[in-house]
Every structure is written in structure tokens, then in C-alpha cells.
>>> print(open('structure-v9.cif').read())   # mmCIF, C-alpha atoms
data_coords
#
loop_
_atom_site.group_PDB
_atom_site.id
_atom_site.type_symbol
_atom_site.label_atom_id
_atom_site.label_comp_id
_atom_site.auth_asym_id
_atom_site.auth_seq_id
_atom_site.Cartn_x
_atom_site.Cartn_y
_atom_site.Cartn_z
ATOM 1 C CA GLU U 1 9.845 46.752 13.573
ATOM 2 C CA LYS U 2 11.764 47.389 16.806
ATOM 3 C CA TYR U 3 12.487 43.669 17.272
ATOM 4 C CA LYS U 4 12.644 42.707 13.592
ATOM 5 C CA ASP U 5 16.179 41.254 13.820
ATOM 6 C CA GLU U 6 15.251 39.133 16.848
ATOM 7 C CA LEU U 7 12.002 37.912 15.301
ATOM 8 C CA GLU U 8 13.807 36.931 12.115
ATOM 9 C CA GLY U 9 16.504 35.120 14.097
ATOM 10 C CA ASN U 10 19.365 37.436 13.178
ATOM 11 C CA LYS U 11 20.142 37.994 16.854
ATOM 12 C CA GLN U 12 18.878 36.753 20.215
ATOM 13 C CA PHE U 13 16.320 38.504 22.384
ATOM 14 C CA LYS U 14 17.900 40.276 25.351
ATOM 15 C CA TYR U 15 16.319 39.946 28.788
ATOM 16 C CA ASP U 16 16.626 41.857 32.049
ATOM 17 C CA ASP U 17 17.425 39.556 34.963
ATOM 18 C CA THR U 18 15.197 40.673 37.861
ATOM 19 C CA SER U 19 14.248 38.714 41.002
ATOM 20 C CA TYR U 20 15.044 35.350 39.368
ATOM 21 C CA ARG U 21 12.998 36.293 36.296
ATOM 22 C CA LEU U 22 14.103 37.002 32.732
ATOM 23 C CA CYS U 23 12.026 40.000 31.687
ATOM 24 C CA HIS U 24 11.392 41.441 28.231
ATOM 25 C CA GLU U 25 9.134 44.232 27.019
ATOM 26 C CA LEU U 26 7.184 41.909 24.713
ATOM 27 C CA GLN U 27 6.153 39.686 27.628
ATOM 28 C CA GLY U 28 3.897 42.459 28.897
ATOM 29 C CA PHE U 29 1.979 42.848 25.646
ATOM 30 C CA LYS U 30 -1.620 41.639 25.511
ATOM 31 C CA ARG U 31 -2.067 38.046 24.387
ATOM 32 C CA GLU U 32 -3.811 39.026 21.153
ATOM 33 C CA LEU U 33 -0.995 41.375 20.150
ATOM 34 C CA LYS U 34 1.715 38.841 21.010
ATOM 35 C CA ASP U 35 -0.055 36.234 18.892
ATOM 36 C CA GLU U 36 -0.007 38.688 15.989
ATOM 37 C CA ILE U 37 3.668 39.593 16.490
ATOM 38 C CA PHE U 38 4.666 35.917 16.762
ATOM 39 C CA GLU U 39 2.395 34.739 13.948
ATOM 40 C CA GLY U 40 3.621 31.406 12.621
ATOM 41 C CA TRP U 41 5.662 30.636 15.746
ATOM 42 C CA HIS U 42 4.959 27.630 17.982
ATOM 43 C CA ASP U 43 3.675 28.501 21.455
ATOM 44 C CA TYR U 44 4.554 26.081 24.289
ATOM 45 C CA ASP U 45 2.813 26.639 27.612
ATOM 46 C CA ILE U 46 3.858 25.084 30.919
ATOM 47 C CA SER U 47 0.546 23.754 32.208
ATOM 48 C CA ALA U 48 -0.365 25.119 35.660
ATOM 49 C CA ALA U 49 3.275 26.103 36.184
ATOM 50 C CA MET U 50 2.908 27.595 39.658
ATOM 51 C CA PRO U 51 0.771 24.860 41.294
ATOM 52 C CA SER U 52 2.838 22.171 39.543
ATOM 53 C CA ILE U 53 6.106 23.566 40.893
ATOM 54 C CA PHE U 54 4.672 23.818 44.408
ATOM 55 C CA TRP U 55 3.419 20.240 44.138
ATOM 56 C CA GLY U 56 6.824 19.136 42.858
ATOM 57 C CA LEU U 57 8.546 20.820 45.808
ATOM 58 C CA HIS U 58 6.130 19.103 48.202
ATOM 59 C CA GLN U 59 7.109 15.741 46.739
ATOM 60 C CA GLN U 60 10.838 16.471 46.611
ATOM 61 C CA PHE U 61 11.025 17.673 50.199
ATOM 62 C CA GLN U 62 8.961 14.898 51.767
ATOM 63 C CA PRO U 63 10.789 13.202 54.655
ATOM 64 C CA LYS U 64 12.595 10.036 53.615
ATOM 65 C CA LYS U 65 12.084 6.694 55.346
ATOM 66 C CA PHE U 66 14.429 6.099 58.255
ATOM 67 C CA SER U 67 16.930 3.245 57.975
ATOM 68 C CA ASN U 68 15.497 1.499 61.051
ATOM 69 C CA PRO U 69 12.896 -1.125 60.050
ATOM 70 C CA GLY U 70 9.343 -0.130 60.892
ATOM 71 C CA VAL U 71 10.193 3.532 61.500
ATOM 72 C CA VAL U 72 8.706 5.871 58.889
ATOM 73 C CA ALA U 73 8.776 9.658 58.827
ATOM 74 C CA SER U 74 5.462 11.474 58.883
ATOM 75 C CA ILE U 75 4.308 12.054 55.290
ATOM 76 C CA GLN U 76 2.217 15.158 54.781
ATOM 77 C CA SER U 77 -0.968 14.714 52.755
ATOM 78 C CA LEU U 78 -2.191 17.576 50.562
ATOM 79 C CA PRO U 79 -5.253 15.998 48.913
ATOM 80 C CA PHE U 80 -6.774 19.146 47.415
ATOM 81 C CA MET U 81 -3.488 20.227 45.853
ATOM 82 C CA ALA U 82 -3.032 16.718 44.444
ATOM 83 C CA HIS U 83 -6.599 16.735 43.103
ATOM 84 C CA TYR U 84 -5.975 19.997 41.269
ATOM 85 C CA ILE U 85 -2.700 18.812 39.724
ATOM 86 C CA ASN U 86 -4.441 15.694 38.395
ATOM 87 C CA ASN U 87 -7.671 17.403 37.287
ATOM 88 C CA LYS U 88 -6.739 20.982 36.365
ATOM 89 C CA ALA U 89 -9.218 21.588 33.543
ATOM 90 C CA ALA U 90 -12.171 20.040 35.387
ATOM 91 C CA VAL U 91 -11.448 21.922 38.628
ATOM 92 C CA ARG U 92 -11.157 25.286 36.861
ATOM 93 C CA GLN U 93 -14.356 24.691 34.907
ATOM 94 C CA GLY U 94 -16.216 23.554 38.030
ATOM 95 C CA LEU U 95 -15.078 26.617 39.976
ATOM 96 C CA ALA U 96 -15.980 28.943 37.101
ATOM 97 C CA ASN U 97 -19.453 27.408 36.851
ATOM 98 C CA SER U 98 -20.184 27.411 40.581
ATOM 99 C CA ILE U 99 -19.014 30.992 41.179
ATOM 100 C CA GLY U 100 -20.122 32.478 37.862
ATOM 101 C CA ILE U 101 -16.718 33.643 36.577
ATOM 102 C CA ASP U 102 -14.722 32.875 33.440
ATOM 103 C CA LEU U 103 -12.003 30.232 33.177
ATOM 104 C CA ASP U 104 -9.129 32.718 33.154
ATOM 105 C CA ALA U 105 -10.398 34.252 36.398
ATOM 106 C CA ALA U 106 -10.731 30.804 37.992
ATOM 107 C CA LYS U 107 -7.149 29.952 36.990
ATOM 108 C CA SER U 108 -5.833 33.299 38.280
ATOM 109 C CA ILE U 109 -7.568 32.852 41.624
ATOM 110 C CA ILE U 110 -6.185 29.343 42.125
ATOM 111 C CA ASN U 111 -2.667 30.519 41.199
ATOM 112 C CA GLY U 112 -3.062 33.531 43.468
ATOM 113 C CA LEU U 113 -3.880 31.355 46.462
ATOM 114 C CA PHE U 114 -0.459 29.723 46.150
ATOM 115 C CA GLN U 115 1.015 33.220 46.570
ATOM 116 C CA ARG U 116 -1.173 33.957 49.623
ATOM 117 C CA MET U 117 -3.854 35.928 47.775
ATOM 118 C CA ARG U 118 -6.479 37.347 50.155
ATOM 119 C CA LEU U 119 -10.175 36.621 49.639
ATOM 120 C CA ALA U 120 -11.862 39.772 50.839
ATOM 121 C CA PRO U 121 -14.695 41.937 49.428
ATOM 122 C CA HIS U 122 -12.472 45.010 49.206
ATOM 123 C CA TRP U 123 -11.373 47.002 46.162
ATOM 124 C CA THR U 124 -7.679 46.502 47.050
ATOM 125 C CA CYS U 125 -8.089 42.705 46.848
ATOM 126 C CA SER U 126 -7.171 41.313 43.410
ATOM 127 C CA ALA U 127 -9.491 38.333 43.916
ATOM 128 C CA PHE U 128 -12.401 40.730 44.416
ATOM 129 C CA GLU U 129 -11.628 42.281 41.031
ATOM 130 C CA LEU U 130 -11.552 38.809 39.432
ATOM 131 C CA VAL U 131 -15.099 38.091 40.654
ATOM 132 C CA GLY U 132 -16.327 41.393 39.243
ATOM 133 C CA TYR U 133 -16.394 43.202 42.599
ATOM 134 C CA SER U 134 -19.370 41.052 43.602
ATOM 135 C CA ALA U 135 -19.687 40.421 47.356
ATOM 136 C CA ILE U 136 -22.041 37.525 46.617
ATOM 137 C CA LYS U 137 -19.489 35.821 44.365
ATOM 138 C CA MET U 138 -16.705 36.496 46.838
ATOM 139 C CA ASN U 139 -18.686 34.841 49.643
ATOM 140 C CA ALA U 140 -19.448 31.890 47.347
ATOM 141 C CA LEU U 141 -15.737 31.623 46.513
ATOM 142 C CA LYS U 142 -14.711 31.595 50.182
ATOM 143 C CA ALA U 143 -17.337 28.920 50.931
ATOM 144 C CA ASP U 144 -16.453 26.704 47.957
ATOM 145 C CA PRO U 145 -15.351 23.267 49.324
ATOM 146 C CA PHE U 146 -12.394 22.970 46.950
ATOM 147 C CA ILE U 147 -11.152 26.499 47.678
ATOM 148 C CA MET U 148 -11.481 25.909 51.423
ATOM 149 C CA GLY U 149 -9.535 22.662 51.174
ATOM 150 C CA LEU U 150 -6.868 24.083 48.884
ATOM 151 C CA ARG U 151 -6.270 27.042 51.199
ATOM 152 C CA LYS U 152 -5.689 24.644 54.105
ATOM 153 C CA ASP U 153 -3.295 22.564 51.988
ATOM 154 C CA ILE U 154 -1.338 25.680 51.043
ATOM 155 C CA VAL U 155 -1.017 26.684 54.716
ATOM 156 C CA LYS U 156 0.352 23.183 55.411
ATOM 157 C CA PHE U 157 2.769 23.520 52.479
ATOM 158 C CA TRP U 158 4.258 26.760 53.804
ATOM 159 C CA ALA U 159 4.379 25.466 57.381
ATOM 160 C CA ARG U 160 6.371 22.367 56.485
ATOM 161 C CA THR U 161 7.738 22.224 52.925
ATOM 162 C CA GLY U 162 8.338 25.960 52.579
ATOM 163 C CA LYS U 163 10.136 26.010 55.919
ATOM 164 C CA ARG U 164 12.166 22.888 55.159
ATOM 165 C CA ILE U 165 13.424 24.307 51.840
ATOM 166 C CA ASN U 166 15.138 27.189 53.598
ATOM 167 C CA THR U 167 16.326 24.965 56.457
ATOM 168 C CA ASP U 168 18.076 22.720 53.954
ATOM 169 C CA ARG U 169 19.496 25.739 52.137
ATOM 170 C CA HIS U 170 20.844 27.059 55.443
ATOM 171 C CA TYR U 171 22.732 23.813 56.109
ATOM 172 C CA GLU U 172 24.079 23.895 52.549
ATOM 173 C CA GLY U 173 25.351 27.446 53.028
ATOM 174 C CA LEU U 174 22.841 28.892 50.549
ATOM 175 C CA PRO U 175 20.918 32.149 51.058
ATOM 176 C CA HIS U 176 17.346 32.206 52.362
ATOM 177 C CA ILE U 177 14.591 32.541 49.733
ATOM 178 C CA LYS U 178 11.752 34.912 50.600
ATOM 179 C CA LYS U 179 8.245 33.476 50.367
ATOM 180 C CA ASN U 180 7.188 35.830 47.591
ATOM 181 C CA LEU U 181 10.216 34.783 45.505
ATOM 182 C CA LEU U 182 10.135 31.022 46.091
ATOM 183 C CA TYR U 183 8.133 30.248 42.974
ATOM 184 C CA PHE U 184 10.219 32.588 40.808
ATOM 185 C CA HIS U 185 13.404 30.867 42.029
ATOM 186 C CA TYR U 186 12.277 27.414 40.929
ATOM 187 C CA GLU U 187 10.525 28.682 37.812
ATOM 188 C CA ARG U 188 13.905 30.130 36.773
ATOM 189 C CA GLN U 189 15.604 26.758 37.309
ATOM 190 C CA VAL U 190 13.134 25.222 34.874
ATOM 191 C CA LEU U 191 13.516 28.026 32.344
ATOM 192 C CA ASP U 192 17.312 27.788 32.448
ATOM 193 C CA VAL U 193 17.108 24.108 31.485
ATOM 194 C CA VAL U 194 14.582 24.904 28.749
ATOM 195 C CA ARG U 195 16.886 27.604 27.409
ATOM 196 C CA LYS U 196 19.861 25.227 27.268
ATOM 197 C CA CYS U 197 17.752 22.683 25.379
ATOM 198 C CA LEU U 198 16.573 25.276 22.868
ATOM 199 C CA VAL U 199 20.154 26.389 22.257
ATOM 200 C CA ASP U 200 21.229 22.758 21.779
ATOM 201 C CA GLN U 201 18.410 22.315 19.252
ATOM 202 C CA ASP U 202 19.501 25.488 17.379
ATOM 203 C CA ALA U 203 16.040 26.943 17.914
ATOM 204 C CA ILE U 204 15.083 30.585 17.440
ATOM 205 C CA TYR U 205 13.143 31.214 20.643
ATOM 206 C CA PHE U 206 11.421 33.760 22.853
ATOM 207 C CA LEU U 207 11.064 33.042 26.585
ATOM 208 C CA GLU U 208 7.939 33.776 28.601
ATOM 209 C CA HIS U 209 7.712 33.272 32.359
ATOM 210 C CA ASP U 210 5.544 30.149 32.116
ATOM 211 C CA GLY U 211 6.379 28.992 28.610
ATOM 212 C CA PHE U 212 8.247 29.796 25.431
ATOM 213 C CA ARG U 213 7.784 30.365 21.706
ATOM 214 C CA THR U 214 9.913 28.961 18.907
ATOM 215 C CA LYS U 215 10.100 29.762 15.205
ATOM 216 C CA GLU U 216 10.254 26.078 14.291
ATOM 217 C CA LYS U 217 8.962 22.979 16.055
ATOM 218 C CA VAL U 218 11.285 21.591 18.734
ATOM 219 C CA ASP U 219 11.757 18.212 20.373
ATOM 220 C CA LEU U 220 9.432 18.718 23.324
ATOM 221 C CA ALA U 221 10.026 15.218 24.693
ATOM 222 C CA GLU U 222 13.744 15.939 25.059
ATOM 223 C CA ILE U 223 13.019 19.220 26.846
ATOM 224 C CA ARG U 224 10.500 17.538 29.148
ATOM 225 C CA ASN U 225 12.947 14.772 30.056
ATOM 226 C CA ARG U 226 15.840 17.149 30.708
ATOM 227 C CA VAL U 227 13.685 19.373 32.917
ATOM 228 C CA LYS U 228 12.627 16.299 34.884
ATOM 229 C CA ASP U 229 16.201 15.004 35.171
ATOM 230 C CA GLU U 230 17.811 18.315 36.129
ATOM 231 C CA THR U 231 15.122 19.905 38.323
ATOM 232 C CA GLY U 232 12.882 17.021 39.418
ATOM 233 C CA PHE U 233 9.791 18.813 38.091
ATOM 234 C CA ASP U 234 7.419 17.045 35.704
ATOM 235 C CA LEU U 235 6.019 20.074 33.907
ATOM 236 C CA ILE U 236 6.235 20.344 30.147
#
>>> encode(input="structure-v9.cif", output="C-alpha cells")
Amino acid sequence: EKYKDELEGNKQFKYDDTSYRLCHELQGFKRELKDEIFEGWHDYDISAAMPSIFWGLHQQFQPKKFSNPGVVASIQSLPFMAHYINNKAAVRQGLANSIGIDLDAAKSIINGLFQRMRLAPHWTCSAFELVGYSAIKMNALKADPFIMGLRKDIVKFWARTGKRINTDRHYEGLPHIKKNLLYFHYERQVLDVVRKCLVDQDAIYFLEHDGFRTKEKVDLAEIRNRVKDETGFDLI
């Protein structure tokens, strides 16, 4: 009832702009309740948004080949990150099966690692909560070959790509981006393009952080192509 006019398309949803994110009260509602509120709407999710954006940044900020023949810059290999991007569903299911957790927990843990989530058997550790406060499962998670490899890849990402992003921004006269806000910054770039596309398509829409809902079907191919062209990220 509170958002009846917005849901019927009589006026646009209003968002608070906080730390690169567009925030709305409805975004915090439980999934089941949101599905009920937005019954009949089309729900578009950005698959593995956080890992995909980090992978996209890794590719965009790779050193370019030097002009001198035979001289090539050192290209950083992140095989475990690449494996996840190309096999998301299988990796999540394999991790869930091997540790004994559900798929949502497996996805949350992988996403959390990109934001430097700790893996410690302590009640203040969010990963410990996701494994049901089980020390056995936490130890199995830390010893999992994929998790071990991904953690090393993420360290490499921050040491080189994360550092280079802010170095380039410094030379361009742009402000430094804090580590904990890096993903939000680039997520917002994607969402801004999505929003422009939805406006151009005269869509009635509601934005989530890693996706969006529309009252009618939209041209997803156009949105995907514009996001790729304007941000360099292949996401939607």
C-alpha cells in the first residue's frame, strides 16, 4: 500500500544514494516477501555479479603488450577465479556437497572471499555462521582445494589489479577508491547503464544491487550489449 503508486507505474521509485549504492527500503525485504510484492514482474539477476566484476577488472587492467617486438608485459594468471567464472553452478554445488552446506551459503562464502572474508571458527566470523558454527565444516572449508586456490588468486588480484586501478586513477586526477568500496563503485557503473536502458525502453522498473525487476519484459540483449560497450563488463 505504501508503494502502490510506484508499483503501478504512476511514479518512479526513489532511492538513497549511499557509498555508490542506490538503496531502497524494499531491497531489504526477504526474498519471499519481495516476490509476493512484485508478483507478475520480471526478475533479472546479474549472475555472480561480484566475482564477474572482479574478473572483468582483472582483464581490463592487464598490462598491454609493449610496442617493441618480442617484449611482452607480464600477464597475471588467476586460474581459480577464471574457473569459477566459467563454471559457477558446478563450483557452488561441488563446494556445497563437499562441505555439507546449502547452495546459498556456498555462494555467499565465495562472494565474501572477494571482500576479504575471514575463515575462522569464531562467532564473529560470518563464514562460521554460514557453515552452521561447525568447526569441522570450517576446517574442511579452509582445506578445500578450490577455496585455497581462490584465496591465493584474490590476494594476487588486490596486490596487482587492485593497486593498479588506484594508480591509474591517481594519474587521471581521480580520487582513490577504498578496498571495501571498489566493488560498489563498479557495480554502480553497471547499474547506471542498466537504468538508462530501462528508461529508454519506457520500462517500469525497480533496481536491486545485483539485478532489477521490470513490470513488462525488456530487451535484455540491448541492455547486455550497452553494459559491455560502456563499462567493459560482460555480465547480464
>>> resolve_selection(input="structure-v9.cif", expression="the PyMOL selection byres ((chain U and resi 150) around 12)", output="VMD selection string")
chain U and resid 51 55 77 to 85 91 109 to 114 116 141 to 149 151 to 157
>>> atom_distance(input="structure-v9.cif", atom1="CA of Leu26 (chain U)", atom2="CA of Trp41 (chain U)")
14.5 Å
>>> residues_around(input="structure-v9.cif", residues="region 7-16 of chain U", least_positions_apart="4", cutoff="9 Å", atoms="all atoms listed in the file", output="list of chain:residue names")
U:Tyr3, U:Arg21, U:Leu22, U:Cys23, U:His24, U:Glu25, U:Ile37, U:Phe38, U:Ile204, U:Tyr205, U:Phe206, U:Leu207, U:Lys215
>>> write_last_selection(input="structure-v9.cif", atoms="C-alpha atoms", output="PDB file, in the frame of the given file")
ATOM      1  CA  TYR U   3      12.487  43.669  17.272  1.00  0.00           C
ATOM      2  CA  ARG U  21      12.998  36.293  36.296  1.00  0.00           C
ATOM      3  CA  LEU U  22      14.103  37.002  32.732  1.00  0.00           C
ATOM      4  CA  CYS U  23      12.026  40.000  31.687  1.00  0.00           C
ATOM      5  CA  HIS U  24      11.392  41.441  28.231  1.00  0.00           C
ATOM      6  CA  GLU U  25       9.134  44.232  27.019  1.00  0.00           C
ATOM      7  CA  ILE U  37       3.668  39.593  16.490  1.00  0.00           C
ATOM      8  CA  PHE U  38       4.666  35.917  16.762  1.00  0.00           C
ATOM      9  CA  ILE U 204      15.083  30.585  17.440  1.00  0.00           C
ATOM     10  CA  TYR U 205      13.143  31.214  20.643  1.00  0.00           C
ATOM     11  CA  PHE U 206      11.421  33.760  22.853  1.00  0.00           C
ATOM     12  CA  LEU U 207      11.064  33.042  26.585  1.00  0.00           C
ATOM     13  CA  LYS U 215      10.100  29.762  15.205  1.00  0.00           C
TER      14      LYS U 215
END
>>> residues_around(input="structure-v9.cif", residues="Val194 (chain U)", least_positions_apart="4", cutoff="12 Å", atoms="all atoms listed in the file", output="number ranges by chain")
U: 44-46, 187-190, 198-201, 203, 205-214, 218-231, 235-236
>>> atom_distance(input="structure-v9.cif", atom1="CA of Lys88 (chain U)", atom2="CA of Ala106 (chain U)")
10.7 Å
>>> axis_aligned_box(input="structure-v9.cif", around="region 124-137 of chain U", padding_each_side="5 Å", output="lines of an AutoDock Vina configuration file")
center_x = -14.6
center_y = 41.2
center_z = 43.3
size_x = 24.9
size_y = 20.7
size_z = 18.1
>>> resolve_selection(input="structure-v9.cif", expression="the PyMOL selection byres ((chain U and resi 138) around 12)", output="ChimeraX atom specification")
/U:98-101,109,118-123,125-137,139-144,147
>>> atom_distance(input="structure-v9.cif", atom1="CA of His42 (chain U)", atom2="CA of Gly28 (chain U)")
18.4 Å
>>> residues_around(input="structure-v9.cif", residues="region 174-181 of chain U", least_positions_apart="3", cutoff="8 Å", atoms="only C-alpha atoms", output="PyMOL selection string")
chain U and resi 19-20+115+162+166+169-171+184-185
>>> closest_residue(input="structure-v9.cif", among="U:Lys2, U:Lys196, U:Lys163, U:Lys217", to="His58 (chain U)", atoms="only C-alpha atoms")
U:Lys163
>>> resolve_selection(input="structure-v9.cif", expression="the PyMOL selection byres ((chain U and resi 57) around 12)", output="PyMOL selection string")
chain U and resi 50-56+58-63+157-158+160-165+182-183+185-187+231-234
>>> write_last_selection(input="structure-v9.cif", atoms="C-alpha atoms", output="PDB file, in the frame of the given file")
ATOM      1  CA  MET U  50       2.908  27.595  39.658  1.00  0.00           C
ATOM      2  CA  PRO U  51       0.771  24.860  41.294  1.00  0.00           C
ATOM      3  CA  SER U  52       2.838  22.171  39.543  1.00  0.00           C
ATOM      4  CA  ILE U  53       6.106  23.566  40.893  1.00  0.00           C
ATOM      5  CA  PHE U  54       4.672  23.818  44.408  1.00  0.00           C
ATOM      6  CA  TRP U  55       3.419  20.240  44.138  1.00  0.00           C
ATOM      7  CA  GLY U  56       6.824  19.136  42.858  1.00  0.00           C
ATOM      8  CA  HIS U  58       6.130  19.103  48.202  1.00  0.00           C
ATOM      9  CA  GLN U  59       7.109  15.741  46.739  1.00  0.00           C
ATOM     10  CA  GLN U  60      10.838  16.471  46.611  1.00  0.00           C
ATOM     11  CA  PHE U  61      11.025  17.673  50.199  1.00  0.00           C
ATOM     12  CA  GLN U  62       8.961  14.898  51.767  1.00  0.00           C
ATOM     13  CA  PRO U  63      10.789  13.202  54.655  1.00  0.00           C
ATOM     14  CA  PHE U 157       2.769  23.520  52.479  1.00  0.00           C
ATOM     15  CA  TRP U 158       4.258  26.760  53.804  1.00  0.00           C
ATOM     16  CA  ARG U 160       6.371  22.367  56.485  1.00  0.00           C
ATOM     17  CA  THR U 161       7.738  22.224  52.925  1.00  0.00           C
ATOM     18  CA  GLY U 162       8.338  25.960  52.579  1.00  0.00           C
ATOM     19  CA  LYS U 163      10.136  26.010  55.919  1.00  0.00           C
ATOM     20  CA  ARG U 164      12.166  22.888  55.159  1.00  0.00           C
ATOM     21  CA  ILE U 165      13.424  24.307  51.840  1.00  0.00           C
ATOM     22  CA  LEU U 182      10.135  31.022  46.091  1.00  0.00           C
ATOM     23  CA  TYR U 183       8.133  30.248  42.974  1.00  0.00           C
ATOM     24  CA  HIS U 185      13.404  30.867  42.029  1.00  0.00           C
ATOM     25  CA  TYR U 186      12.277  27.414  40.929  1.00  0.00           C
ATOM     26  CA  GLU U 187      10.525  28.682  37.812  1.00  0.00           C
ATOM     27  CA  THR U 231      15.122  19.905  38.323  1.00  0.00           C
ATOM     28  CA  GLY U 232      12.882  17.021  39.418  1.00  0.00           C
ATOM     29  CA  PHE U 233       9.791  18.813  38.091  1.00  0.00           C
ATOM     30  CA  ASP U 234       7.419  17.045  35.704  1.00  0.00           C
TER      31      ASP U 234
END
>>> build_atoms(input="structure-v9.cif", residues="region 12-29 of chain U", atoms="N, CA, C and O atoms", output="PDB file, keeping the file's coordinate frame")
ATOM      1  N   GLN U  12      19.716  37.257  19.132  1.00  0.00           N
ATOM      2  CA  GLN U  12      18.878  36.753  20.215  1.00  0.00           C
ATOM      3  C   GLN U  12      18.169  37.885  20.950  1.00  0.00           C
ATOM      4  O   GLN U  12      18.659  39.017  21.002  1.00  0.00           O
ATOM      5  N   PHE U  13      17.011  37.554  21.519  1.00  0.00           N
ATOM      6  CA  PHE U  13      16.320  38.504  22.384  1.00  0.00           C
ATOM      7  C   PHE U  13      17.157  38.733  23.634  1.00  0.00           C
ATOM      8  O   PHE U  13      17.784  37.802  24.146  1.00  0.00           O
ATOM      9  N   LYS U  14      17.162  39.948  24.124  1.00  0.00           N
ATOM     10  CA  LYS U  14      17.900  40.276  25.351  1.00  0.00           C
ATOM     11  C   LYS U  14      16.903  40.480  26.483  1.00  0.00           C
ATOM     12  O   LYS U  14      15.871  41.142  26.318  1.00  0.00           O
ATOM     13  N   TYR U  15      17.223  39.906  27.642  1.00  0.00           N
ATOM     14  CA  TYR U  15      16.319  39.946  28.788  1.00  0.00           C
ATOM     15  C   TYR U  15      16.979  40.650  29.969  1.00  0.00           C
ATOM     16  O   TYR U  15      18.201  40.573  30.145  1.00  0.00           O
ATOM     17  N   ASP U  16      16.156  41.303  30.783  1.00  0.00           N
ATOM     18  CA  ASP U  16      16.626  41.857  32.049  1.00  0.00           C
ATOM     19  C   ASP U  16      16.434  40.790  33.119  1.00  0.00           C
ATOM     20  O   ASP U  16      15.363  40.183  33.213  1.00  0.00           O
ATOM     21  N   ASP U  17      17.460  40.574  33.915  1.00  0.00           N
ATOM     22  CA  ASP U  17      17.425  39.556  34.963  1.00  0.00           C
ATOM     23  C   ASP U  17      17.009  40.226  36.271  1.00  0.00           C
ATOM     24  O   ASP U  17      17.795  40.940  36.888  1.00  0.00           O
ATOM     25  N   THR U  18      15.742  39.997  36.690  1.00  0.00           N
ATOM     26  CA  THR U  18      15.197  40.673  37.861  1.00  0.00           C
ATOM     27  C   THR U  18      14.472  39.686  38.771  1.00  0.00           C
ATOM     28  O   THR U  18      13.523  39.027  38.325  1.00  0.00           O
ATOM     29  N   SER U  19      14.909  39.580  40.017  1.00  0.00           N
ATOM     30  CA  SER U  19      14.248  38.714  41.002  1.00  0.00           C
ATOM     31  C   SER U  19      14.010  37.309  40.460  1.00  0.00           C
ATOM     32  O   SER U  19      12.894  36.783  40.512  1.00  0.00           O
ATOM     33  N   TYR U  20      15.055  36.697  39.923  1.00  0.00           N
ATOM     34  CA  TYR U  20      15.044  35.350  39.368  1.00  0.00           C
ATOM     35  C   TYR U  20      14.315  35.248  38.030  1.00  0.00           C
ATOM     36  O   TYR U  20      14.244  34.171  37.443  1.00  0.00           O
ATOM     37  N   ARG U  21      13.767  36.351  37.529  1.00  0.00           N
ATOM     38  CA  ARG U  21      12.998  36.293  36.296  1.00  0.00           C
ATOM     39  C   ARG U  21      13.730  36.969  35.142  1.00  0.00           C
ATOM     40  O   ARG U  21      14.400  37.985  35.329  1.00  0.00           O
ATOM     41  N   LEU U  22      13.581  36.394  33.947  1.00  0.00           N
ATOM     42  CA  LEU U  22      14.103  37.002  32.732  1.00  0.00           C
ATOM     43  C   LEU U  22      12.975  37.805  32.103  1.00  0.00           C
ATOM     44  O   LEU U  22      11.963  37.234  31.662  1.00  0.00           O
ATOM     45  N   CYS U  23      13.118  39.116  32.094  1.00  0.00           N
ATOM     46  CA  CYS U  23      12.026  40.000  31.687  1.00  0.00           C
ATOM     47  C   CYS U  23      12.323  40.673  30.342  1.00  0.00           C
ATOM     48  O   CYS U  23      13.457  41.062  30.068  1.00  0.00           O
ATOM     49  N   HIS U  24      11.281  40.798  29.536  1.00  0.00           N
ATOM     50  CA  HIS U  24      11.392  41.441  28.231  1.00  0.00           C
ATOM     51  C   HIS U  24      10.120  42.244  27.983  1.00  0.00           C
ATOM     52  O   HIS U  24       9.030  41.858  28.396  1.00  0.00           O
ATOM     53  N   GLU U  25      10.267  43.347  27.287  1.00  0.00           N
ATOM     54  CA  GLU U  25       9.134  44.232  27.019  1.00  0.00           C
ATOM     55  C   GLU U  25       7.969  43.507  26.364  1.00  0.00           C
ATOM     56  O   GLU U  25       6.796  43.728  26.709  1.00  0.00           O
ATOM     57  N   LEU U  26       8.251  42.597  25.439  1.00  0.00           N
ATOM     58  CA  LEU U  26       7.184  41.909  24.713  1.00  0.00           C
ATOM     59  C   LEU U  26       6.344  41.005  25.612  1.00  0.00           C
ATOM     60  O   LEU U  26       5.199  40.701  25.282  1.00  0.00           O
ATOM     61  N   GLN U  27       6.907  40.566  26.731  1.00  0.00           N
ATOM     62  CA  GLN U  27       6.153  39.686  27.628  1.00  0.00           C
ATOM     63  C   GLN U  27       4.925  40.386  28.203  1.00  0.00           C
ATOM     64  O   GLN U  27       3.941  39.741  28.543  1.00  0.00           O
ATOM     65  N   GLY U  28       4.995  41.711  28.306  1.00  0.00           N
ATOM     66  CA  GLY U  28       3.897  42.459  28.897  1.00  0.00           C
ATOM     67  C   GLY U  28       2.806  42.843  27.914  1.00  0.00           C
ATOM     68  O   GLY U  28       1.789  43.420  28.307  1.00  0.00           O
ATOM     69  N   PHE U  29       2.999  42.515  26.646  1.00  0.00           N
ATOM     70  CA  PHE U  29       1.979  42.848  25.646  1.00  0.00           C
ATOM     71  C   PHE U  29       0.752  41.956  25.841  1.00  0.00           C
ATOM     72  O   PHE U  29       0.863  40.838  26.330  1.00  0.00           O
TER      73      PHE U  29
END
